[in-house]
>>> print(open('run_19.cif').read())   # mmCIF, C-alpha atoms and all ligand atoms
data_coords
#
loop_
_atom_site.label_atom_id
_atom_site.label_comp_id
_atom_site.auth_asym_id
_atom_site.auth_seq_id
_atom_site.Cartn_x
_atom_site.Cartn_y
_atom_site.Cartn_z
CA MET A 1 -16.28 -20.53 -31.89
CA LEU A 2 -14.87 -20.60 -28.38
CA LEU A 3 -12.13 -18.23 -27.22
CA LYS A 4 -10.27 -17.87 -23.97
CA GLY A 5 -9.89 -14.45 -22.45
CA THR A 6 -9.93 -12.23 -19.38
CA ILE A 7 -12.72 -9.92 -18.27
CA ILE A 8 -11.23 -6.44 -18.30
CA LYS A 9 -14.33 -4.36 -17.60
CA GLY A 10 -18.01 -4.76 -16.75
CA ILE A 11 -20.58 -2.07 -17.45
CA GLY A 12 -24.37 -2.26 -17.52
CA GLY A 13 -24.73 -6.01 -17.88
CA PHE A 14 -21.95 -6.25 -20.44
CA TYR A 15 -18.57 -7.72 -19.87
CA TYR A 16 -15.61 -6.89 -22.03
CA VAL A 17 -13.34 -9.84 -22.55
CA ASP A 18 -9.81 -9.44 -23.82
CA THR A 19 -8.89 -12.35 -26.09
CA THR A 20 -6.08 -12.98 -28.56
CA ASP A 21 -8.64 -12.00 -31.23
CA GLY A 22 -9.45 -8.64 -29.70
CA ILE A 23 -12.00 -7.38 -27.18
CA ILE A 24 -15.37 -9.11 -27.25
CA GLU A 25 -18.52 -7.59 -25.77
CA CYS A 26 -20.41 -10.19 -23.81
CA ARG A 27 -23.67 -10.47 -22.00
CA ALA A 28 -23.22 -12.89 -19.12
CA ARG A 29 -25.51 -15.88 -19.46
CA GLY A 30 -28.10 -16.45 -16.75
CA LYS A 31 -26.57 -19.57 -15.33
CA PHE A 32 -23.79 -17.73 -13.54
CA ARG A 33 -26.26 -15.66 -11.57
CA LYS A 34 -28.09 -18.82 -10.59
CA ASN A 35 -24.88 -20.36 -9.34
CA ASP A 36 -24.34 -17.21 -7.39
CA VAL A 37 -21.13 -16.52 -9.24
CA LEU A 38 -21.06 -13.08 -10.76
CA PRO A 39 -18.44 -12.56 -13.44
CA THR A 40 -15.80 -10.28 -11.96
CA VAL A 41 -13.12 -8.22 -13.62
CA GLY A 42 -10.01 -10.35 -13.67
CA ASP A 43 -11.88 -13.60 -14.29
CA LYS A 44 -10.42 -15.96 -16.84
CA VAL A 45 -13.34 -17.01 -19.03
CA ILE A 46 -14.33 -18.90 -22.14
CA VAL A 47 -16.38 -16.90 -24.58
CA GLU A 48 -18.61 -18.13 -27.38
CA THR A 49 -18.64 -15.79 -30.35
CA GLU A 50 -19.66 -15.79 -34.01
CA ASP A 51 -18.10 -12.57 -35.22
CA LYS A 52 -15.34 -11.93 -32.63
CA LYS A 53 -17.16 -8.74 -31.67
CA GLN A 54 -20.03 -9.93 -29.54
CA GLY A 55 -20.51 -13.11 -27.62
CA SER A 56 -21.37 -14.65 -24.32
CA VAL A 57 -19.37 -15.83 -21.34
CA LYS A 58 -19.73 -19.60 -21.26
CA GLU A 59 -17.47 -20.54 -18.44
CA ILE A 60 -15.57 -18.91 -15.60
CA GLU A 61 -12.32 -20.61 -14.66
CA LYS A 62 -11.76 -21.34 -11.01
CA ARG A 63 -10.43 -18.22 -9.32
CA ARG A 64 -7.16 -18.01 -7.46
CA ASN A 65 -8.81 -15.43 -5.24
CA SER A 66 -11.35 -12.65 -5.36
CA LEU A 67 -12.33 -9.59 -3.38
CA ILE A 68 -15.64 -7.81 -3.05
CA ARG A 69 -14.23 -4.34 -2.43
CA PRO A 70 -12.74 -3.64 -4.82
CA ALA A 71 -14.50 -6.26 -6.96
CA VAL A 72 -11.53 -7.98 -8.57
CA SER A 73 -10.33 -11.52 -9.02
CA ASN A 74 -7.08 -13.35 -9.64
CA ILE A 75 -4.73 -10.74 -8.21
CA ASP A 76 -1.24 -11.04 -6.76
CA THR A 77 -1.00 -7.72 -4.95
CA LEU A 78 -3.44 -5.29 -3.41
CA MET A 79 -1.73 -1.89 -3.64
CA ILE A 80 -3.47 0.29 -1.11
CA VAL A 81 -3.12 3.91 -2.07
CA ALA A 82 -3.33 6.62 0.57
CA ALA A 83 -2.75 10.36 0.22
CA ILE A 84 -0.87 12.63 2.59
CA THR A 85 -3.84 14.98 2.49
CA ASN A 86 -6.98 15.49 0.39
CA PRO A 87 -8.11 13.01 1.63
CA MET A 88 -6.23 12.37 4.88
CA PRO A 89 -4.93 8.82 5.41
CA ASP A 90 -7.47 6.50 7.01
CA THR A 91 -5.33 3.96 8.86
CA SER A 92 -8.33 2.01 10.04
CA LEU A 93 -9.40 1.43 6.42
CA ILE A 94 -5.83 0.64 5.34
CA ASP A 95 -5.51 -1.96 8.10
CA LYS A 96 -8.82 -3.58 7.24
CA MET A 97 -7.77 -3.84 3.62
CA LEU A 98 -4.46 -5.40 4.60
CA VAL A 99 -6.27 -7.97 6.72
CA ILE A 100 -8.69 -8.85 3.93
CA ALA A 101 -5.84 -9.18 1.45
CA ALA A 102 -3.87 -11.49 3.76
CA LYS A 103 -6.96 -13.56 4.50
CA ASN A 104 -7.38 -14.13 0.76
CA GLY A 105 -3.75 -15.01 0.17
CA ILE A 106 -3.02 -11.69 -1.53
CA GLN A 107 0.11 -9.65 -0.90
CA GLY A 108 -0.73 -6.27 0.63
CA ALA A 109 1.38 -3.17 -0.02
CA LEU A 110 1.02 0.55 0.57
CA CYS A 111 1.54 3.51 -1.72
CA ILE A 112 1.64 6.93 -0.05
CA ASN A 113 0.80 9.49 -2.72
CA LYS A 114 0.69 13.30 -2.90
CA ILE A 115 4.01 13.65 -1.07
CA ASP A 116 4.38 17.01 -2.81
CA LEU A 117 1.79 18.20 -0.27
CA ASP A 118 3.71 16.86 2.72
CA SER A 119 4.94 19.75 4.86
CA THR A 120 5.21 17.96 8.20
CA GLY A 121 7.09 14.75 7.41
CA GLU A 122 3.90 12.73 7.69
CA ALA A 123 4.84 10.47 4.78
CA GLU A 124 8.01 9.30 6.51
CA LYS A 125 6.10 8.44 9.71
CA LEU A 126 3.46 6.49 7.84
CA LYS A 127 6.10 4.70 5.80
CA GLU A 128 7.98 3.69 8.91
CA CYS A 129 4.83 2.46 10.60
CA TYR A 130 3.94 0.12 7.76
CA GLU A 131 7.48 -0.98 6.99
CA ASN A 132 7.92 -1.94 10.64
CA ALA A 133 4.73 -3.95 10.37
CA GLY A 134 6.31 -5.86 7.47
CA TYR A 135 4.83 -4.28 4.36
CA LYS A 136 6.39 -2.84 1.25
CA VAL A 137 5.78 0.90 1.11
CA PHE A 138 6.07 3.22 -1.87
CA VAL A 139 6.11 6.98 -1.65
CA THR A 140 4.92 8.86 -4.73
CA SER A 141 3.73 12.09 -6.22
CA ALA A 142 1.71 11.57 -9.37
CA GLU A 143 1.69 15.35 -9.69
CA LYS A 144 5.49 15.60 -9.83
CA GLY A 145 6.14 12.13 -11.20
CA GLU A 146 8.16 11.15 -8.15
CA GLY A 147 8.58 7.57 -6.97
CA ILE A 148 6.71 6.17 -9.96
CA GLU A 149 9.64 4.17 -11.32
CA GLU A 150 10.12 2.29 -8.04
CA LEU A 151 6.41 1.58 -7.93
CA LYS A 152 6.45 0.41 -11.54
CA ALA A 153 9.30 -1.99 -10.84
CA THR A 154 7.20 -3.85 -8.29
CA LEU A 155 4.40 -4.45 -10.80
CA LYS A 156 6.60 -6.57 -13.04
CA ASP A 157 5.07 -9.93 -13.94
CA LYS A 158 2.30 -9.40 -11.40
CA THR A 159 -1.38 -8.53 -11.37
CA THR A 160 -1.87 -5.60 -9.04
CA ALA A 161 -5.12 -3.97 -7.95
CA PHE A 162 -4.91 -0.33 -6.88
CA ALA A 163 -7.45 0.47 -4.20
CA GLY A 164 -8.21 3.11 -1.60
CA LEU A 165 -10.27 6.15 -0.76
CA SER A 166 -11.68 8.26 -3.55
CA GLY A 167 -9.34 11.07 -4.56
CA VAL A 168 -6.07 9.57 -3.32
CA GLY A 169 -4.75 9.49 -6.89
CA LYS A 170 -5.13 5.90 -8.08
CA SER A 171 -6.11 6.89 -11.62
CA SER A 172 -3.48 9.65 -11.70
CA ILE A 173 -0.74 7.16 -10.84
CA LEU A 174 -2.05 4.59 -13.30
CA THR A 175 -2.29 7.16 -16.07
CA ILE A 176 1.48 7.61 -15.77
CA ILE A 177 2.17 3.91 -15.46
CA THR A 178 -0.09 2.67 -18.25
CA GLY A 179 0.16 5.62 -20.60
CA ARG A 180 -3.64 5.49 -20.86
CA GLU A 181 -5.66 8.64 -20.16
CA LEU A 182 -7.69 7.41 -17.22
CA GLU A 183 -10.31 9.78 -15.95
CA THR A 184 -9.16 11.72 -12.90
CA GLY A 185 -11.25 14.09 -10.86
CA ASP A 186 -10.65 17.27 -8.95
CA THR A 187 -11.00 17.08 -5.21
CA SER A 188 -14.01 19.41 -4.95
CA ARG A 189 -15.94 16.75 -6.81
CA ILE A 190 -14.84 14.15 -4.29
CA GLU A 191 -15.84 16.37 -1.37
CA ARG A 192 -19.34 16.32 -2.79
CA GLY A 193 -19.20 12.55 -2.55
CA LYS A 194 -18.67 11.91 -6.24
CA HIS A 195 -16.24 9.26 -7.26
CA THR A 196 -14.41 9.71 -10.51
CA THR A 197 -13.68 6.12 -11.42
CA ARG A 198 -16.96 4.22 -11.59
CA HIS A 199 -15.85 0.82 -12.83
CA VAL A 200 -13.07 -1.59 -12.21
CA GLU A 201 -10.79 -1.80 -15.18
CA LEU A 202 -7.97 -4.21 -15.86
CA ILE A 203 -5.15 -2.78 -17.96
CA ARG A 204 -2.25 -4.65 -19.45
CA ILE A 205 1.12 -2.99 -18.99
CA GLU A 206 4.44 -3.99 -20.53
CA GLU A 207 5.13 -6.66 -17.96
CA GLY A 208 2.07 -7.27 -15.86
CA TYR A 209 -1.49 -6.14 -15.28
CA VAL A 210 -2.98 -3.38 -13.14
CA PHE A 211 -6.52 -2.71 -12.00
CA ASP A 212 -7.88 0.79 -11.57
CA THR A 213 -10.82 0.64 -9.16
CA PRO A 214 -13.41 3.09 -7.77
CA GLY A 215 -12.69 4.57 -4.35
CA PHE A 216 -14.61 3.42 -1.30
CA SER A 217 -14.57 4.23 2.39
CA GLN A 218 -16.82 1.63 4.01
CA LEU A 219 -15.42 -1.80 4.56
CA GLU A 220 -16.13 -4.52 7.10
CA VAL A 221 -14.06 -7.53 7.95
CA GLU A 222 -16.45 -10.37 8.78
CA ASP A 223 -15.26 -13.79 7.78
CA ILE A 224 -12.47 -14.10 10.33
CA ARG A 225 -12.78 -15.41 13.87
CA ALA A 226 -11.71 -12.87 16.47
CA ASN A 227 -9.15 -15.27 17.91
CA GLU A 228 -7.55 -15.70 14.49
CA LEU A 229 -7.31 -12.01 13.66
CA TYR A 230 -3.73 -11.77 14.94
CA LYS A 231 -2.57 -13.96 12.04
CA TYR A 232 -3.32 -11.13 9.63
CA PHE A 233 -1.22 -8.55 11.48
CA PRO A 234 2.34 -9.69 10.71
CA GLU A 235 3.91 -7.76 13.61
CA ILE A 236 1.36 -9.17 16.07
CA GLU A 237 1.68 -12.66 14.68
CA LYS A 238 5.40 -12.48 15.48
CA CYS A 239 4.50 -12.49 19.18
CA GLU A 240 2.60 -15.77 18.93
CA GLY A 241 3.29 -18.07 21.85
CA MET A 242 5.05 -15.37 23.85
CA CYS A 243 2.11 -14.22 26.00
CA ARG A 244 1.47 -15.67 29.48
CA PHE A 245 -1.93 -17.04 28.49
CA ARG A 246 -2.62 -19.31 25.59
CA GLY A 247 -5.29 -17.81 23.39
CA CYS A 248 -4.42 -14.35 24.72
CA SER A 249 -6.56 -11.75 22.97
CA HIS A 250 -3.73 -9.23 23.40
CA ILE A 251 -6.20 -6.74 24.81
CA SER A 252 -6.67 -7.09 28.56
CA GLU A 253 -4.63 -10.08 29.72
CA PRO A 254 -1.53 -9.56 31.91
CA ASP A 255 1.97 -10.35 30.63
CA CYS A 256 0.98 -9.94 27.02
CA ALA A 257 3.87 -9.90 24.54
CA VAL A 258 1.91 -7.72 22.13
CA LYS A 259 1.29 -5.08 24.80
CA GLU A 260 5.02 -5.18 25.57
CA ALA A 261 5.84 -4.77 21.89
CA LEU A 262 3.45 -1.84 21.86
CA ASP A 263 5.22 -0.22 24.82
CA GLU A 264 8.57 -0.76 23.15
CA GLY A 265 7.32 0.71 19.90
CA ASN A 266 7.64 -2.51 17.92
CA VAL A 267 3.90 -2.50 17.33
CA SER A 268 2.55 0.92 16.44
CA GLN A 269 -0.34 2.46 18.33
CA SER A 270 -2.48 3.01 15.26
CA ARG A 271 -2.03 -0.59 14.08
CA TYR A 272 -2.81 -1.86 17.57
CA ASP A 273 -5.92 0.35 17.73
CA SER A 274 -7.07 -1.12 14.41
CA TYR A 275 -6.52 -4.62 15.78
CA VAL A 276 -8.56 -3.93 18.90
CA LYS A 277 -11.38 -2.29 16.96
CA MET A 278 -11.59 -5.20 14.52
CA TYR A 279 -11.29 -7.76 17.31
CA GLU A 280 -14.19 -6.27 19.27
CA LYS A 281 -16.39 -6.24 16.18
CA LEU A 282 -15.50 -9.78 15.16
CA LYS A 283 -16.23 -11.07 18.65
CA LEU A 284 -19.84 -10.05 18.24
CA ILE A 285 -20.28 -12.12 15.09
CA LYS A 286 -21.50 -15.66 15.69
CA ASP A 287 -19.90 -18.42 13.65
CA TRP A 288 -23.12 -19.21 11.81
CA GLU A 289 -23.46 -15.57 10.80
CA ARG A 290 -20.05 -15.54 9.27
CA GLY A 291 -20.69 -15.67 5.55
CA SER A 292 -17.88 -16.21 3.13
CA THR A 293 -16.83 -12.97 1.50
CA ASN A 294 -14.67 -14.88 -0.90
CA GLY A 295 -15.56 -16.15 -4.31
CA LYS A 296 -19.06 -14.74 -4.61
N1 LIG B 301 -0.95 17.48 -5.28
C1 LIG B 301 -1.20 16.28 -5.81
N2 LIG B 301 -2.40 16.00 -6.36
C2 LIG B 301 -2.61 14.78 -6.87
C3 LIG B 301 -1.60 13.79 -6.87
N3 LIG B 301 -2.12 12.65 -7.42
C4 LIG B 301 -3.39 12.96 -7.77
N4 LIG B 301 -3.69 14.24 -7.45
C5 LIG B 301 -4.97 14.92 -7.68
O1 LIG B 301 -5.96 14.35 -6.85
C6 LIG B 301 -7.23 14.35 -7.51
C7 LIG B 301 -7.84 12.97 -7.51
O2 LIG B 301 -7.05 12.11 -8.29
P1 LIG B 301 -7.62 10.78 -8.97
O3 LIG B 301 -6.48 10.13 -9.66
O4 LIG B 301 -8.84 11.05 -9.77
O5 LIG B 301 -8.03 9.93 -7.67
P2 LIG B 301 -8.67 8.46 -7.59
O6 LIG B 301 -8.01 7.79 -6.44
O7 LIG B 301 -8.56 7.78 -8.91
O8 LIG B 301 -10.20 8.76 -7.23
P3 LIG B 301 -11.53 7.87 -7.55
O9 LIG B 301 -11.47 7.48 -8.98
O10 LIG B 301 -12.68 8.77 -7.23
O11 LIG B 301 -11.48 6.70 -6.62
C8 LIG B 301 -6.96 14.92 -8.90
O12 LIG B 301 -7.29 16.30 -8.89
C9 LIG B 301 -5.47 14.74 -9.09
O13 LIG B 301 -4.91 15.69 -9.96
C10 LIG B 301 -0.33 14.10 -6.28
O14 LIG B 301 0.63 13.31 -6.23
N5 LIG B 301 -0.19 15.35 -5.77
MG MG B 302 -9.95 6.95 -10.15
ZN ZN B 303 -1.12 -11.28 24.25
#
>>> encode(input="run_19.cif", output="structure tokens")
Amino acid sequence: MLLKGTIIKGIGGFYYVDTTDGIIECRARGKFRKNDVLPTVGDKVIVETEDKKQGSVKEIEKRRNSLIRPAVSNIDTLMIVAAITNPMPDTSLIDKMLVIAAKNGIQGALCINKIDLDSTGEAEKLKECYENAGYKVFVTSAEKGEGIEELKATLKDKTTAFAGLSGVGKSSILTIITGRELETGDTSRIERGKHTTRHVELIRIEEGYVFDTPGFSQLEVEDIRANELYKYFPEIEKCEGMCRFRGCSHISEPDCAVKEALDEGNVSQSRYDSYVKMYEKLKLIKDWERGSTNGK
């Protein structure tokens, strides 16, 4: 028989598909590999099964979107989680993730966790920086249970992937939100380079879905032309058409509206630095080298 479902987890060549008849363990059939489409957690699929326990993925429905890091598909929001400390916020990584989300038509948002460890008001500064850039920002402490209700409210009727550095508290937050005991790890383990969450997992909550994903720190933005990068920085995009030169790179040209916004504090230095760093890297990539990072 054929059943419709959603891939909620993939481990060791098996995919676990949530259907109205329960969770079915599936081995992906060869043809998807040949087509270069790897089943991804979040995929809507059709499963063939005899006993409603084991089966095989027969078809993958066309995706709304997909990301490689974290490997998820069909999401509404990428909730980037950062910690005040242990580990320190990596704004360069956050900005790259926001660009990749926007490029794929996914809403980006930020969750600043571990605010119980904030002794210098760092959380407020970070919040202001990203709110000024146009993003929704949540401030939480999974340890103390603070800010979780506000965060939960934004997940309603949406599919949200939680992503970010290892140890920021993604699984800790999602343990509270889902009521599921997700594995969390102490920070000494993370300092040794060990991630706690090893697999992407899609979890149904009362009104919506959330993904817990493994932490990562390396990420490259490649499939964007340098001269289009500004579109994925909302506060820079606002300046479009206001510079003296058309096609201004907003880096070294005179009378640049973005540089003015930077001087006036309407574009933050760290966001601008991220823009410049990404721009310089993207400029080195030739068009023919630009592979698609979407959908495969
Ligand atoms: N002080 C404090 N510690 C926290 C908070 N949230 C999580 N932690 C701790 O941080 C450590 C890492 O938390 P995890 O939830 O495993 O982090 P993760 O982001 O899921 O990490 P990976 O699965 O490796 O990507 C654990 O020891 C948590 O107890 C918080 O709000 N405050
Ligand atoms: Mg985790
Ligand atoms: Zn400019």
>>> atom_distance(input="run_19.cif", atom1="atom CA of Gly164 of chain A", atom2="atom CA of Ile115 of chain A")
16.1 Å
>>> closest_residue(input="run_19.cif", among="A:Trp288, A:Asp118, A:Leu151, A:Thr91", to="Tyr272 of chain A", atoms="all atoms listed in the file")
A:Thr91
>>> residues_near_ligand(input="run_19.cif", ligand="ligand MG 302 (chain B)", cutoff="9 Å", atoms="all atoms listed in the file", output="list in words")
Ser166, Gly167, Val168, Gly169, Lys170, Ser171, Ser172, Leu174, Leu182, Glu183, Thr184, Gly185, His195, Thr196, Thr197, Arg198, His199, Asp212, Thr213, Pro214 and Gly215 of chain A
>>> closest_atom_pairs(input="run_19.cif", of="chain A", to="ligand ZN 303 (chain B)", cutoff="9 Å", atoms="all atoms listed in the file", output="JSON lines")
{"residue": "A:Ile236", "atom": "CA", "partner": "B:ZN303", "partner_atom": "ZN", "distance": 8.8}
{"residue": "A:Cys239", "atom": "CA", "partner": "B:ZN303", "partner_atom": "ZN", "distance": 7.7}
{"residue": "A:Glu240", "atom": "CA", "partner": "B:ZN303", "partner_atom": "ZN", "distance": 7.9}
{"residue": "A:Gly241", "atom": "CA", "partner": "B:ZN303", "partner_atom": "ZN", "distance": 8.4}
{"residue": "A:Met242", "atom": "CA", "partner": "B:ZN303", "partner_atom": "ZN", "distance": 7.4}
{"residue": "A:Cys243", "atom": "CA", "partner": "B:ZN303", "partner_atom": "ZN", "distance": 4.7}
{"residue": "A:Arg244", "atom": "CA", "partner": "B:ZN303", "partner_atom": "ZN", "distance": 7.3}
{"residue": "A:Phe245", "atom": "CA", "partner": "B:ZN303", "partner_atom": "ZN", "distance": 7.2}
{"residue": "A:Arg246", "atom": "CA", "partner": "B:ZN303", "partner_atom": "ZN", "distance": 8.3}
{"residue": "A:Gly247", "atom": "CA", "partner": "B:ZN303", "partner_atom": "ZN", "distance": 7.8}
{"residue": "A:Cys248", "atom": "CA", "partner": "B:ZN303", "partner_atom": "ZN", "distance": 4.5}
{"residue": "A:Ser249", "atom": "CA", "partner": "B:ZN303", "partner_atom": "ZN", "distance": 5.6}
{"residue": "A:His250", "atom": "CA", "partner": "B:ZN303", "partner_atom": "ZN", "distance": 3.4}
{"residue": "A:Ile251", "atom": "CA", "partner": "B:ZN303", "partner_atom": "ZN", "distance": 6.8}
{"residue": "A:Ser252", "atom": "CA", "partner": "B:ZN303", "partner_atom": "ZN", "distance": 8.2}
{"residue": "A:Glu253", "atom": "CA", "partner": "B:ZN303", "partner_atom": "ZN", "distance": 6.6}
{"residue": "A:Pro254", "atom": "CA", "partner": "B:ZN303", "partner_atom": "ZN", "distance": 7.9}
{"residue": "A:Asp255", "atom": "CA", "partner": "B:ZN303", "partner_atom": "ZN", "distance": 7.1}
{"residue": "A:Cys256", "atom": "CA", "partner": "B:ZN303", "partner_atom": "ZN", "distance": 3.7}
{"residue": "A:Ala257", "atom": "CA", "partner": "B:ZN303", "partner_atom": "ZN", "distance": 5.2}
{"residue": "A:Val258", "atom": "CA", "partner": "B:ZN303", "partner_atom": "ZN", "distance": 5.1}
{"residue": "A:Lys259", "atom": "CA", "partner": "B:ZN303", "partner_atom": "ZN", "distance": 6.7}
{"residue": "A:Glu260", "atom": "CA", "partner": "B:ZN303", "partner_atom": "ZN", "distance": 8.8}
>>> atom_distance(input="run_19.cif", atom1="atom N4 of ligand LIG 301 (chain B)", atom2="atom CA of Thr77 of chain A")
22.3 Å
>>> axis_aligned_box(input="run_19.cif", around="segment 281-284 of chain A", padding_each_side="3 Å", output="lines of an AutoDock Vina configuration file")
center_x = -17.7
center_y = -8.7
center_z = 16.9
size_x = 10.3
size_y = 10.8
size_z = 9.5
>>> atom_distance(input="run_19.cif", atom1="atom CA of Ile148 of chain A", atom2="atom CA of Ile8 of chain A")
23.5 Å
>>> residues_around(input="run_19.cif", residues="Cys111 of chain A", least_positions_apart="5", cutoff="8 Å", atoms="only C-alpha atoms", output="list in words")
Met79, Ile80, Val81, Ala82, Val137, Phe138, Val139 and Thr140 of chain A
>>> closest_residue(input="run_19.cif", among="A:Lys194, A:Arg64, A:Lys103, A:Lys125", to="ligand LIG 301 (chain B)", atoms="all atoms listed in the file")
A:Lys194
>>> closest_residue(input="run_19.cif", among="A:Ile46, A:Met1, A:Ile112, A:Ile203", to="ligand LIG 301 (chain B)", atoms="all atoms listed in the file")
A:Ile112
>>> closest_residue(input="run_19.cif", among="A:Leu67, A:Leu98, A:Ile60, A:Ala161", to="Phe211 of chain A", atoms="all atoms listed in the file")
A:Ala161
>>> closest_residue(input="run_19.cif", among="A:Thr154, A:Thr19, A:Ser141, A:Ser66", to="ligand LIG 301 (chain B)", atoms="all atoms listed in the file")
A:Ser141
>>> closest_residue(input="run_19.cif", among="A:Met88, A:Leu202, A:Leu165, A:Leu2", to="Gly42 of chain A", atoms="all atoms listed in the file")
A:Leu202
>>> residues_near_point(input="run_19.cif", point="(5.2, 19.6, -1.3)", cutoff="12 Å", atoms="all atoms listed in the file", output="ChimeraX atom specification")
/A:84-85,113-123,140-144,146
>>> residues_around(input="run_19.cif", residues="Lys96 of chain A", least_positions_apart="4", cutoff="7 Å", atoms="only C-alpha atoms", output="compact mmCIF listing (two decimals) with C-alpha atoms, in the frame of the given file")
# COMPACT_ATOMS: atom_id res chain seq x y z
CA SER A 92 -8.33 2.01 10.04
CA ILE A 100 -8.69 -8.85 3.93
CA VAL A 221 -14.06 -7.53 7.95
>>> residues_around(input="run_19.cif", residues="Lys4 of chain A", least_positions_apart="4", cutoff="12 Å", atoms="only C-alpha atoms", output="NGL selection string")
:A and (17-24 or 43-49 or 52 or 55-61)
>>> decode(input="run_19.cif", residues="segment 239-254 of chain A", atoms="C-alpha atoms", output="compact mmCIF listing (two decimals), in the first residue's frame")
# COMPACT_ATOMS: atom_id res chain seq x y z
CA CYS A 239 19.80 52.08 0.50
CA GLU A 240 19.31 50.79 -3.04
CA GLY A 241 19.43 53.56 -5.62
CA MET A 242 20.74 56.11 -3.15
CA CYS A 243 24.47 55.82 -3.91
CA ARG A 244 26.20 58.11 -6.42
CA PHE A 245 27.19 55.21 -8.67
CA ARG A 246 24.87 52.64 -10.10
CA GLY A 247 26.07 49.19 -9.20
CA CYS A 248 27.95 50.63 -6.21
CA SER A 249 29.60 47.81 -4.28
CA HIS A 250 29.22 49.87 -1.09
CA ILE A 251 32.86 49.26 -0.29
CA SER A 252 35.17 51.83 -1.86
CA GLU A 253 33.05 54.15 -4.00
CA PRO A 254 32.54 57.80 -2.96
